[in-house]
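These notes are about the structure you will find just below.
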Protein chains: 2
Amino acid sequence: METVKYVLTEDRMPTAWYNIAADLPSPPPPVLHPGTHQPVGPADLAPLFPMALILQEVSTERAVEIPEEVQAIYRQWRPTPLYRARRLERALDTPAKIYYKYEGVSPAGSHKPNTAVAQAYYNKQEGVKRIVTETGAGQWGSSLAFAGALFGLEVEVYMVKVSYNQKPYRRALMEAYGARVVASPSEETAAGRAILAEHPDSTGSLGIAISEAVERAVQRDDTKYALGSVLNHVLLHQTVVGQEALAQLELAGDYPDVIVGCTGGGSNFAGIAFPFIGARLRGEREVRVVAVEPAACPSLTKGRYVYDFGDTGHLTPLVKMHTLGSTFVPSGIHAGGLRYHGMAPLVSHLLNLGQIEAVALQQLETFAAGIQFARAEGILPAPEANHAVAGAIREALRCKEEGTSRTILFNLCGHGHFDMQAYMDFQAGKLKDFEYSDEEVAMALAGLPSL
Amino acid sequence: METVKYVLTEDRMPTAWYNIAADLPSPPPPVLHPGTHQPVGPADLAPLFPMALILQEVSTERAVEIPEEVQAIYRQWRPTPLYRARRLERALDTPAKIYYKYEGVSPAGSHKPNTAVAQAYYNKQEGVKRIVTETGAGQWGSSLAFAGALFGLEVEVYMVKVSYNQKPYRRALMEAYGARVVASPSEETAAGRAILAEHPDSTGSLGIAISEAVERAVQRDDTKYALGSVLNHVLLHQTVVGQEALAQLELAGDYPDVIVGCTGGGSNFAGIAFPFIGARLRGEREVRVVAVEPAACPSLTKGRYVYDFGDTGHLTPLVKMHTLGSTFVPSGIHAGGLRYHGMAPLVSHLLNLGQIEAVALQQLETFAAGIQFARAEGILPAPEANHAVAGAIREALRCKEEGTSRTILFNLCGHGHFDMQAYMDFQAGKLKDFEYSDEEVAMALAGLPSL
């Protein structure tokens, strides 16, 4: 039997994002002002984001309408395909049914444009001229550059210096879309200059790049900041993924017993899982949900659920999340999109409520899973997505052991065509597993703000 | 107005390839045996190809059924989308309507899997264990590696050494799919050793790599050879592209006045154009068809229409085609897929019959077109595809000058995610235009076999 694609006609594309806040048994703890430690209000966030996104951040409406202009752009690549991975099932010799939602068909090659387009739209609506953001490996930066080009917005990207130098191709894609890309830490911001004064050879981190982008956004009236994960409105925009998957599984006459997603900031995981978790919270249907994170950046499995900053420079508001501490610099694994010290507050809240499970996987297992997947299904996943693939394979092999069939759904959030160096290193035996000791985690956590 | 996607439901995916041989006013000249100079028969080709493909090569049936197993794999990414490029139209301020068929959604990122899957299927059917091929930049090699993985066939790829060394990421993709990749010229073949004896530092060429692959295929009983363009059966397999486009334009209530495709060996051009040329040959509907080739490899516009070898080592049969001579080594432009000395016999025949036009464009114009396209439509094209984009923009701007609206269709045959170095070089001003003088072309043509 061949791999099967489930196609959703455009008229069944979601017209509203699904807001899980409407179904939570208790709301997540409030976001706090970094100076006063009091809950932030919309005015506090206005220098950073357009008001429409701030209102989405605190909305408790279940359905948030997707503007027609955003839907029109989504339709360029959405609905994305859902596949039944029959060739992978055969290769694993498992009684499990494995489905994957494939977000790599977007112009930027990942799920990130789902929120980039929405964010660019609202910024444009409110007269913003320029958006500033940060990027690690470049998936997010290239998606925002793409969205900015469509809306005629200038895009500035502070790119972690080690990636800027070692992975120039994502940078080239951003520049092809017309974005300005700056290596971070840079001389352009006080935050960057402070780092460089102390560490002239700093190769940067996502936390530093966020500080620089935030600083550059608040300095200029015509400029706002954009974040590619973590925040409620970003997760909200990704729920088109899970809503489509739900409708496609209906076409297949199926429903997942278990959903697997990889987690860095949490947005692709939320995108696939929240609509299903919402159905369970409303008492409609059971489902197990597993978040897979890298052992080298284990915020869900080893981090603490406390208030922390989103950036190294401590310019952002304080959010309660599973965190390894804002000064934590994760090991140089190849899944750059998963190397963030914190986790989305909504995902953290769900873990705290016992609504989801989390597991940390080692790098080598995830790459081996990616290769096995590519040879069976033909699509080479991004290293981030390999964590979801590996998690799904573990579930499928457990079905085989137990001799039971379960329906597994995972999010294949992007292709690996920009990540070939990682695959070359893996195939050459150059990659290593890496796990932080409890002592190392404790040291990083010692830097947490005391609240 | 936003860019519009025309979706074809799977039940309207073509179930047969379209064979233009059925509609030609005269057949193309026969393929000749390199030794006897007599027309080759099926037995002559049997060491190279499975019999099913040899029969397709000489078939004059209009519709060649696509095996259900091949259709099942096509459905993983087919039907591919057809877009009305409204944002590009607006950016050009043209009255023209521009449509593009997008083949970059395949797992390998180009149109090449359309024939790779079919070739792997027929080889598997006839008990072949191993397929050998050559590749330049790697689009074809990675597509055959993908197809081989699905059918459990071993794949060996002789990759032009300069690309093997300078563009390791396509090689890494082939290896991820499990293929064996060898830098050509190699010590593994007599053809390779002969070159290395004379030129130890040879960086290879497509013509040399073909010689090596053919030699390795004929040496082993369980091994066949595969070619990614030029041959009739390869062009045949690509006609799913144009057939789908025809049906999608019907949905749009439109029909092209002009079709634009880029030409290297001719397969993506044939894929989009042949079904429409067939309709014209049958007297059903008029259409202009423009082949766009690089000025640095101008086989259609400066080559001669004569019998020539497909490879440098003169192991292949002789085919009548527009050629620059099998010893011609094209300049190092970045559209590696268009750097072939010859042109598909069917495309050459159509040019000779006056059924198509040809134009040669300079590299810088094509990259500028690619950047403009990416910023308007969000998709970054492969350098090969940029030739079609530039050709379509020329047609659209002519409409603007003349104040008339025409419907333009072009084939966006692949994305440029593996070609970022080329874009970096372009943006940095490092790329140059290049055109061969008439003297240089005459010198290359002097090496043609005299028949």
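A note on labels: chains of the structure tokens are A, B, ... as shown, every chain counts residues from 1, and ligands are counted from 1 in their shown order.
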
Could you list, with a cut-off of 8 Å and counting only C-alpha atoms, the residues of chain A near chain B, each shown with its nearest atom pair and the distance in Å rounded to one decimal, rows sorted by chain and ascending number, as a tab-separated table?
residue	atom	partner	partner_atom	distance
A:Glu2	CA	B:Ala72	CA	6.4
A:Thr3	CA	B:Gln76	CA	7.2
A:Val4	CA	B:Gln76	CA	6.9
A:Lys5	CA	B:Gln76	CA	5.9
A:Ala72	CA	B:Glu2	CA	6.4
A:Ile73	CA	B:Glu2	CA	7.0
A:Arg75	CA	B:Lys5	CA	7.0
A:Gln76	CA	B:Lys5	CA	5.9
A:Val105	CA	B:Val105	CA	6.1
A:Pro107	CA	B:Ile379	CA	5.2
A:Ala108	CA	B:Ile379	CA	7.7
A:Phe146	CA	B:Gly378	CA	5.9
A:Ala147	CA	B:Gly378	CA	7.9
A:Ala149	CA	B:Arg375	CA	5.4
A:Leu150	CA	B:Ala376	CA	6.2
A:Tyr169	CA	B:Met420	CA	5.4
A:Ala172	CA	B:Met424	CA	5.8
A:Leu173	CA	B:Met420	CA	7.0
A:Ala176	CA	B:Ile371	CA	6.0
A:Tyr177	CA	B:Arg375	CA	5.3
A:Gly178	CA	B:Arg375	CA	7.3
A:Ile371	CA	B:Ala176	CA	6.0
A:Ala374	CA	B:Tyr177	CA	6.4
A:Arg375	CA	B:Tyr177	CA	5.3
A:Ala376	CA	B:Leu150	CA	6.2
A:Glu377	CA	B:Leu150	CA	7.5
A:Gly378	CA	B:Pro107	CA	5.9
A:Ile379	CA	B:Pro107	CA	5.2
A:Leu380	CA	B:Pro107	CA	7.7
A:His417	CA	B:His417	CA	6.5
A:Phe418	CA	B:His417	CA	6.8
A:Met420	CA	B:Tyr169	CA	5.4
A:Gln421	CA	B:Tyr169	CA	7.0
A:Tyr423	CA	B:Ala172	CA	6.9
A:Met424	CA	B:Ala172	CA	5.8
A:Gln427	CA	B:Ala176	CA	8.0

| message | Please list as number ranges by chain every residue within 7 Å of range 320-335 of chain B, counting only C-alpha atoms and excluding residues in the same chain fewer than 5 positions away. | response | B: 29, 205, 207, 296-297, 299-300, 303-312, 341-345, 348, 383-384, 422, 441, 444-445, 447-448

| Contacts of Glu244 in chain B within 12 Å, only C-alpha atoms, excl. fewer than 6 positions in-chain, as a ChimeraX atom specification | /B:6-18,78-82,100-103,238,250-251,271-276,411

Generate a file of the selected residues that holds N, CA and C atoms, formatted as a CSV table (one decimal), in the first residue's frame.
chain,number,residue,atom,x,y,z
B,6,TYR,N,-5.2,27.5,-8.4
B,6,TYR,CA,-6.2,26.6,-9.0
B,6,TYR,C,-5.9,25.2,-8.6
B,7,VAL,N,-6.7,24.6,-7.9
B,7,VAL,CA,-6.5,23.2,-7.3
B,7,VAL,C,-7.3,22.2,-8.2
B,8,LEU,N,-6.6,21.2,-8.5
B,8,LEU,CA,-7.2,20.1,-9.3
B,8,LEU,C,-7.4,18.9,-8.3
B,9,THR,N,-8.6,18.4,-8.2
B,9,THR,CA,-8.8,17.3,-7.4
B,9,THR,C,-8.1,16.0,-8.0
B,10,GLU,N,-7.8,15.1,-7.1
B,10,GLU,CA,-6.9,14.0,-7.5
B,10,GLU,C,-7.6,13.1,-8.6
B,11,ASP,N,-8.9,13.1,-8.6
B,11,ASP,CA,-9.6,12.3,-9.6
B,11,ASP,C,-9.4,12.9,-11.0
B,12,ARG,N,-8.9,14.1,-11.1
B,12,ARG,CA,-8.7,14.7,-12.4
B,12,ARG,C,-7.2,14.7,-12.7
B,13,MET,N,-6.4,14.0,-11.9
B,13,MET,CA,-5.0,13.8,-12.3
B,13,MET,C,-4.9,13.0,-13.5
B,14,PRO,N,-4.0,13.3,-14.5
B,14,PRO,CA,-3.9,12.5,-15.7
B,14,PRO,C,-3.6,11.0,-15.4
B,15,THR,N,-4.3,10.1,-16.1
B,15,THR,CA,-4.1,8.7,-16.0
B,15,THR,C,-3.2,8.2,-17.1
B,16,ALA,N,-2.9,9.0,-18.1
B,16,ALA,CA,-2.0,8.7,-19.2
B,16,ALA,C,-1.1,9.8,-19.5
B,17,TRP,N,0.1,9.5,-19.9
B,17,TRP,CA,1.1,10.5,-20.4
B,17,TRP,C,0.7,10.8,-21.8
B,18,TYR,N,0.9,12.1,-22.2
B,18,TYR,CA,0.6,12.5,-23.6
B,18,TYR,C,1.8,12.3,-24.5
B,78,ARG,N,1.2,15.5,-6.4
B,78,ARG,CA,0.4,15.9,-7.5
B,78,ARG,C,-1.1,15.8,-7.2
B,79,PRO,N,-2.0,16.5,-7.9
B,79,PRO,CA,-1.7,17.5,-8.9
B,79,PRO,C,-0.9,18.7,-8.2
B,80,THR,N,0.1,19.2,-8.9
B,80,THR,CA,0.7,20.4,-8.3
B,80,THR,C,-0.1,21.6,-8.6
B,81,PRO,N,0.1,22.7,-7.8
B,81,PRO,CA,-0.7,23.9,-8.0
B,81,PRO,C,-0.4,24.7,-9.2
B,82,LEU,N,-1.5,25.3,-9.8
B,82,LEU,CA,-1.3,26.3,-10.8
B,82,LEU,C,-1.7,27.6,-10.2
B,100,TYR,N,1.5,30.5,-13.5
B,100,TYR,CA,2.6,29.5,-13.4
B,100,TYR,C,2.2,28.2,-12.7
B,101,LYS,N,2.8,27.2,-13.3
B,101,LYS,CA,2.6,25.8,-12.7
B,101,LYS,C,3.8,25.6,-11.8
B,102,TYR,N,3.6,25.2,-10.6
B,102,TYR,CA,4.7,25.1,-9.6
B,102,TYR,C,5.0,23.6,-9.3
B,103,GLU,N,6.2,23.2,-9.8
B,103,GLU,CA,6.6,21.8,-9.6
B,103,GLU,C,7.6,21.7,-8.4
B,238,GLN,N,7.0,13.8,-18.4
B,238,GLN,CA,6.8,15.1,-17.8
B,238,GLN,C,5.5,15.7,-18.3
B,250,GLU,N,-8.7,25.5,-17.5
B,250,GLU,CA,-10.1,25.3,-17.8
B,250,GLU,C,-10.9,25.8,-16.6
B,251,LEU,N,-10.5,25.4,-15.4
B,251,LEU,CA,-11.2,25.8,-14.1
B,251,LEU,C,-11.1,27.4,-14.0
B,271,GLY,N,7.3,19.2,-20.8
B,271,GLY,CA,6.2,18.8,-19.9
B,271,GLY,C,5.1,19.8,-19.9
B,272,ILE,N,5.4,21.1,-19.9
B,272,ILE,CA,4.4,22.1,-19.8
B,272,ILE,C,3.8,22.3,-21.2
B,273,ALA,N,4.7,22.3,-22.3
B,273,ALA,CA,4.3,22.7,-23.6
B,273,ALA,C,3.6,21.7,-24.5
B,274,PHE,N,4.1,20.4,-24.4
B,274,PHE,CA,3.7,19.4,-25.4
B,274,PHE,C,2.1,19.3,-25.5
B,275,PRO,N,1.4,19.2,-24.3
B,275,PRO,CA,0.0,19.0,-24.5
B,275,PRO,C,-0.7,20.1,-25.2
B,276,PHE,N,-0.2,21.3,-25.1
B,276,PHE,CA,-0.7,22.5,-25.8
B,276,PHE,C,-0.3,22.5,-27.3
B,411,ASN,N,6.3,27.5,-16.7
B,411,ASN,CA,6.6,26.4,-15.8
B,411,ASN,C,7.6,26.8,-14.8

| message | Neighbouring residues of Ala21 in chain B were defined as those with any atom within 9 Å, considering only C-alpha atoms; residues of the same chain fewer than 5 positions away were excluded. Please report them as a PyMOL selection string. | response | chain B and resi 26-28+58-62+232+346

| request: Pick out each residue of range 234-267 of chain B that DSSP on the backbone tags as alpha helix (DSSP H); I need them as a PyMOL selection string. | output: chain B and resi 234-251+267

Restrict the selected residues to N, CA and C atoms and save them as a PDB file, in the first residue's frame.
ATOM      1  N   VAL B 234      11.501  10.325 -21.377  1.00  0.00           N
ATOM      2  CA  VAL B 234      11.626  11.260 -20.245  1.00  0.00           C
ATOM      3  C   VAL B 234      10.669  12.442 -20.448  1.00  0.00           C
ATOM      4  N   LEU B 235      10.668  12.975 -21.673  1.00  0.00           N
ATOM      5  CA  LEU B 235       9.760  14.086 -21.983  1.00  0.00           C
ATOM      6  C   LEU B 235       8.306  13.638 -21.836  1.00  0.00           C
ATOM      7  N   LEU B 236       8.048  12.411 -22.274  1.00  0.00           N
ATOM      8  CA  LEU B 236       6.699  11.844 -22.149  1.00  0.00           C
ATOM      9  C   LEU B 236       6.209  11.898 -20.700  1.00  0.00           C
ATOM     10  N   HIS B 237       7.080  11.441 -19.773  1.00  0.00           N
ATOM     11  CA  HIS B 237       6.667  11.382 -18.359  1.00  0.00           C
ATOM     12  C   HIS B 237       6.359  12.767 -17.798  1.00  0.00           C
ATOM     13  N   GLN B 238       6.995  13.784 -18.353  1.00  0.00           N
ATOM     14  CA  GLN B 238       6.780  15.136 -17.831  1.00  0.00           C
ATOM     15  C   GLN B 238       5.460  15.745 -18.297  1.00  0.00           C
ATOM     16  N   THR B 239       4.782  15.103 -19.234  1.00  0.00           N
ATOM     17  CA  THR B 239       3.566  15.741 -19.771  1.00  0.00           C
ATOM     18  C   THR B 239       2.413  15.777 -18.777  1.00  0.00           C
ATOM     19  N   VAL B 240       2.572  15.115 -17.613  1.00  0.00           N
ATOM     20  CA  VAL B 240       1.557  15.307 -16.570  1.00  0.00           C
ATOM     21  C   VAL B 240       1.455  16.788 -16.201  1.00  0.00           C
ATOM     22  N   VAL B 241       2.577  17.496 -16.314  1.00  0.00           N
ATOM     23  CA  VAL B 241       2.614  18.914 -15.932  1.00  0.00           C
ATOM     24  C   VAL B 241       1.661  19.730 -16.807  1.00  0.00           C
ATOM     25  N   GLY B 242       1.844  19.616 -18.119  1.00  0.00           N
ATOM     26  CA  GLY B 242       1.021  20.398 -19.036  1.00  0.00           C
ATOM     27  C   GLY B 242      -0.436  19.958 -19.056  1.00  0.00           C
ATOM     28  N   GLN B 243      -0.657  18.655 -18.915  1.00  0.00           N
ATOM     29  CA  GLN B 243      -2.048  18.172 -18.889  1.00  0.00           C
ATOM     30  C   GLN B 243      -2.793  18.724 -17.680  1.00  0.00           C
ATOM     31  N   GLU B 244      -2.123  18.729 -16.532  1.00  0.00           N
ATOM     32  CA  GLU B 244      -2.756  19.315 -15.350  1.00  0.00           C
ATOM     33  C   GLU B 244      -3.001  20.807 -15.554  1.00  0.00           C
ATOM     34  N   ALA B 245      -2.019  21.491 -16.123  1.00  0.00           N
ATOM     35  CA  ALA B 245      -2.165  22.934 -16.339  1.00  0.00           C
ATOM     36  C   ALA B 245      -3.354  23.221 -17.239  1.00  0.00           C
ATOM     37  N   LEU B 246      -3.524  22.391 -18.261  1.00  0.00           N
ATOM     38  CA  LEU B 246      -4.659  22.560 -19.174  1.00  0.00           C
ATOM     39  C   LEU B 246      -5.989  22.472 -18.412  1.00  0.00           C
ATOM     40  N   ALA B 247      -6.099  21.457 -17.571  1.00  0.00           N
ATOM     41  CA  ALA B 247      -7.332  21.283 -16.791  1.00  0.00           C
ATOM     42  C   ALA B 247      -7.524  22.423 -15.797  1.00  0.00           C
ATOM     43  N   GLN B 248      -6.408  22.892 -15.199  1.00  0.00           N
ATOM     44  CA  GLN B 248      -6.517  23.976 -14.219  1.00  0.00           C
ATOM     45  C   GLN B 248      -6.888  25.292 -14.883  1.00  0.00           C
ATOM     46  N   LEU B 249      -6.345  25.538 -16.086  1.00  0.00           N
ATOM     47  CA  LEU B 249      -6.723  26.758 -16.803  1.00  0.00           C
ATOM     48  C   LEU B 249      -8.196  26.703 -17.213  1.00  0.00           C
ATOM     49  N   GLU B 250      -8.677  25.515 -17.491  1.00  0.00           N
ATOM     50  CA  GLU B 250     -10.101  25.349 -17.769  1.00  0.00           C
ATOM     51  C   GLU B 250     -10.933  25.799 -16.567  1.00  0.00           C
ATOM     52  N   LEU B 251     -10.485  25.396 -15.365  1.00  0.00           N
ATOM     53  CA  LEU B 251     -11.159  25.839 -14.136  1.00  0.00           C
ATOM     54  C   LEU B 251     -11.137  27.357 -14.030  1.00  0.00           C
ATOM     55  N   SER B 267      13.274  18.727 -20.817  1.00  0.00           N
ATOM     56  CA  SER B 267      12.168  17.939 -20.272  1.00  0.00           C
ATOM     57  C   SER B 267      11.098  18.756 -19.573  1.00  0.00           C
TER      58      SER B 267
END

Per-residue nearest contacts of range 87-117 of chain B to range 255-259 of chain B (10 Å; only C-alpha atoms) as a tab-separated table:
residue	atom	partner	partner_atom	distance
B:Lys97	CA	B:Pro256	CA	9.0
B:Ile98	CA	B:Pro256	CA	9.1
B:Tyr99	CA	B:Pro256	CA	8.6
B:Tyr100	CA	B:Ile259	CA	9.7

Residues as selected, N, CA and C atoms, written as a PDB file, in the first residue's frame, can you do that?
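Generated file (result-v8.pdb):
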ATOM      1  N   LYS B  97      -2.217  38.530 -18.166  1.00  0.00           N
ATOM      2  CA  LYS B  97      -2.521  37.572 -17.114  1.00  0.00           C
ATOM      3  C   LYS B  97      -1.386  36.543 -17.087  1.00  0.00           C
ATOM      4  N   ILE B  98      -0.758  36.372 -15.930  1.00  0.00           N
ATOM      5  CA  ILE B  98       0.380  35.460 -15.827  1.00  0.00           C
ATOM      6  C   ILE B  98       0.008  34.275 -14.941  1.00  0.00           C
ATOM      7  N   TYR B  99       0.122  33.083 -15.490  1.00  0.00           N
ATOM      8  CA  TYR B  99      -0.094  31.854 -14.714  1.00  0.00           C
ATOM      9  C   TYR B  99       1.221  31.095 -14.623  1.00  0.00           C
ATOM     10  N   TYR B 100       1.454  30.452 -13.474  1.00  0.00           N
ATOM     11  CA  TYR B 100       2.602  29.548 -13.400  1.00  0.00           C
ATOM     12  C   TYR B 100       2.226  28.246 -12.730  1.00  0.00           C
TER      13      TYR B 100
END

Which residues come within 12 Å of Gln219 in chain A, counting only C-alpha atoms, excluding same-chain residues fewer than 6 positions away, as an mmCIF file with all heavy atoms, in the first residue's frame?
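The result, written out as selection.cif:
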data_model
loop_
_atom_site.group_PDB
_atom_site.id
_atom_site.type_symbol
_atom_site.label_atom_id
_atom_site.label_comp_id
_atom_site.auth_asym_id
_atom_site.auth_seq_id
_atom_site.Cartn_x
_atom_site.Cartn_y
_atom_site.Cartn_z
ATOM 1 N N PRO A 47 4.312 49.636 22.641
ATOM 2 C CA PRO A 47 5.522 49.965 21.869
ATOM 3 C C PRO A 47 6.046 48.765 21.072
ATOM 4 O O PRO A 47 6.794 48.934 20.121
ATOM 5 C CB PRO A 47 6.530 50.358 22.956
ATOM 6 C CG PRO A 47 5.713 50.701 24.151
ATOM 7 C CD PRO A 47 4.502 49.805 24.085
ATOM 8 N N LEU A 48 5.651 47.557 21.479
ATOM 9 C CA LEU A 48 6.201 46.358 20.839
ATOM 10 C C LEU A 48 5.312 45.797 19.723
ATOM 11 O O LEU A 48 5.807 45.371 18.682
ATOM 12 C CB LEU A 48 6.403 45.250 21.884
ATOM 13 C CG LEU A 48 7.527 45.438 22.893
ATOM 14 C CD1 LEU A 48 7.534 44.299 23.892
ATOM 15 C CD2 LEU A 48 8.871 45.524 22.179
ATOM 16 N N ARG A 130 7.921 49.170 9.651
ATOM 17 C CA ARG A 130 9.091 48.286 9.756
ATOM 18 C C ARG A 130 8.887 47.317 10.921
ATOM 19 O O ARG A 130 8.409 47.723 11.991
ATOM 20 C CB ARG A 130 10.322 49.145 10.030
ATOM 21 C CG ARG A 130 11.657 48.446 9.961
ATOM 22 C CD ARG A 130 12.792 49.402 10.319
ATOM 23 N NE ARG A 130 12.853 50.547 9.401
ATOM 24 C CZ ARG A 130 12.499 51.786 9.705
ATOM 25 N NH1 ARG A 130 12.039 52.092 10.908
ATOM 26 N NH2 ARG A 130 12.593 52.759 8.814
ATOM 27 N N VAL A 132 10.929 44.476 13.352
ATOM 28 C CA VAL A 132 12.237 43.958 13.742
ATOM 29 C C VAL A 132 12.030 42.639 14.469
ATOM 30 O O VAL A 132 11.094 42.496 15.254
ATOM 31 C CB VAL A 132 12.981 44.936 14.686
ATOM 32 C CG1 VAL A 132 14.443 44.522 14.819
ATOM 33 C CG2 VAL A 132 12.872 46.351 14.172
ATOM 34 N N GLU A 188 24.867 47.959 16.910
ATOM 35 C CA GLU A 188 23.727 48.826 16.635
ATOM 36 C C GLU A 188 22.837 49.076 17.853
ATOM 37 O O GLU A 188 21.961 49.915 17.813
ATOM 38 C CB GLU A 188 22.872 48.223 15.505
ATOM 39 C CG GLU A 188 23.629 48.115 14.192
ATOM 40 C CD GLU A 188 22.716 47.795 13.015
ATOM 41 O OE1 GLU A 188 21.504 47.593 13.230
ATOM 42 O OE2 GLU A 188 23.233 47.747 11.891
ATOM 43 N N THR A 189 23.008 48.286 18.897
ATOM 44 C CA THR A 189 22.151 48.436 20.076
ATOM 45 C C THR A 189 23.004 48.509 21.341
ATOM 46 O O THR A 189 24.137 48.013 21.375
ATOM 47 C CB THR A 189 21.208 47.224 20.233
ATOM 48 O OG1 THR A 189 21.996 46.067 20.527
ATOM 49 C CG2 THR A 189 20.384 46.978 18.975
ATOM 50 N N ALA A 190 22.415 49.110 22.379
ATOM 51 C CA ALA A 190 23.092 49.154 23.682
ATOM 52 C C ALA A 190 23.282 47.735 24.205
ATOM 53 O O ALA A 190 24.340 47.395 24.755
ATOM 54 C CB ALA A 190 22.265 49.983 24.665
ATOM 55 N N GLU A 212 18.271 42.757 21.394
ATOM 56 C CA GLU A 212 18.608 43.753 20.378
ATOM 57 C C GLU A 212 17.384 44.136 19.541
ATOM 58 O O GLU A 212 17.144 45.310 19.267
ATOM 59 C CB GLU A 212 19.712 43.220 19.448
ATOM 60 C CG GLU A 212 21.058 43.087 20.131
ATOM 61 C CD GLU A 212 22.204 43.097 19.123
ATOM 62 O OE1 GLU A 212 22.682 44.199 18.763
ATOM 63 O OE2 GLU A 212 22.608 42.005 18.697
ATOM 64 N N ALA A 213 16.607 43.132 19.141
ATOM 65 C CA ALA A 213 15.434 43.409 18.305
ATOM 66 C C ALA A 213 14.405 44.238 19.066
ATOM 67 O O ALA A 213 13.846 45.213 18.534
ATOM 68 C CB ALA A 213 14.812 42.099 17.818
ATOM 69 N N TYR A 225 7.963 45.141 16.964
ATOM 70 C CA TYR A 225 8.726 43.923 17.172
ATOM 71 C C TYR A 225 7.837 42.729 16.817
ATOM 72 O O TYR A 225 6.614 42.800 16.911
ATOM 73 C CB TYR A 225 9.156 43.873 18.636
ATOM 74 C CG TYR A 225 9.750 42.557 19.064
ATOM 75 C CD1 TYR A 225 11.011 42.164 18.625
ATOM 76 C CD2 TYR A 225 9.052 41.711 19.925
ATOM 77 C CE1 TYR A 225 11.544 40.949 19.022
ATOM 78 C CE2 TYR A 225 9.589 40.493 20.331
ATOM 79 C CZ TYR A 225 10.831 40.123 19.870
ATOM 80 O OH TYR A 225 11.360 38.918 20.260
#

| said: Taking the DSSP secondary structure from the backbone, can you list the residues of range 296-449 of chain A that are strand (DSSP E or B), as a list in words? | reply: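 Here are the strand (DSSP E or B) residues of range 296-449 of chain A: Arg304, Tyr305, Val306, Tyr307, Asp308, Phe309, Leu318, Val319, Lys320, Met321, His322, Thr323, Glu357, Ala358, Val359, Ala360, Leu361, Pro381, Thr407, Ile408, Leu409, Phe410, Asn411, Leu412, Gly414 and His415 of chain A.
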
Can you tell me, as a compact mmCIF listing (two decimals) with N, CA and C atoms, in the first residue's frame, what residues are no more than 12 Å from Pro25 in chain B when counting only C-alpha atoms, ignoring any on the same chain fewer than 5 positions away?
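Saved the output as selection19.txt:
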# COMPACT_ATOMS: atom_id res chain seq x y z
N ILE B 20 3.48 13.20 -27.85
CA ILE B 20 3.36 14.14 -28.97
C ILE B 20 3.69 13.48 -30.31
N ILE B 277 0.94 22.15 -27.51
CA ILE B 277 1.39 22.07 -28.91
C ILE B 277 0.59 20.99 -29.64
N GLY B 278 0.34 19.90 -28.94
CA GLY B 278 -0.48 18.83 -29.52
C GLY B 278 -1.86 19.33 -29.93
N ARG B 280 -2.63 22.29 -30.77
CA ARG B 280 -2.47 23.12 -31.96
C ARG B 280 -2.23 22.26 -33.20
N LEU B 281 -1.39 21.23 -33.05
CA LEU B 281 -1.11 20.34 -34.19
C LEU B 281 -2.39 19.65 -34.66
N ARG B 282 -3.29 19.38 -33.73
CA ARG B 282 -4.56 18.76 -34.10
C ARG B 282 -5.58 19.78 -34.58
N GLY B 283 -5.14 21.06 -34.68
CA GLY B 283 -6.02 22.11 -35.21
C GLY B 283 -7.06 22.60 -34.22
N HIS B 349 13.38 18.94 -33.07
CA HIS B 349 12.52 18.70 -34.23
C HIS B 349 11.43 19.76 -34.32
N LEU B 350 10.82 20.10 -33.20
CA LEU B 350 9.75 21.10 -33.19
C LEU B 350 10.27 22.48 -33.58
N ASN B 352 12.85 22.97 -35.51
CA ASN B 352 13.13 22.84 -36.93
C ASN B 352 11.86 22.96 -37.77
N LEU B 353 10.75 22.47 -37.21
CA LEU B 353 9.46 22.55 -37.92
C LEU B 353 8.81 23.92 -37.79
N GLY B 354 9.43 24.83 -37.02
CA GLY B 354 8.83 26.15 -36.80
C GLY B 354 7.67 26.13 -35.82
N GLN B 355 7.58 25.07 -35.02
CA GLN B 355 6.47 24.95 -34.07
C GLN B 355 6.73 25.68 -32.77

| query | What is the distance, in Å and to one decimal place, between CA of Glu293 in chain A and CA of Ser163 in chain A? | reply |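 Pair CA of Glu293 in chain A / CA of Ser163 in chain A returns 20.6 Å.
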
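Going from CA of Asn123 in chain B to CA of Asp221 in chain B covers 12.4 Å.
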
| From the set A:Ser450, A:Thr316, A:Asn386, A:Ser110, which residue has the shortest atom-to-atom contact distance to Gly261 in chain A, counting only C-alpha atoms? | A:Asn386

| task | Grab the CA of Tyr164 in chain B to CA of Pro200 in chain B distance for me, in Å with one decimal place. | result |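 Value for the CA of Tyr164 in chain B-CA of Pro200 in chain B distance: 16.1 Å.
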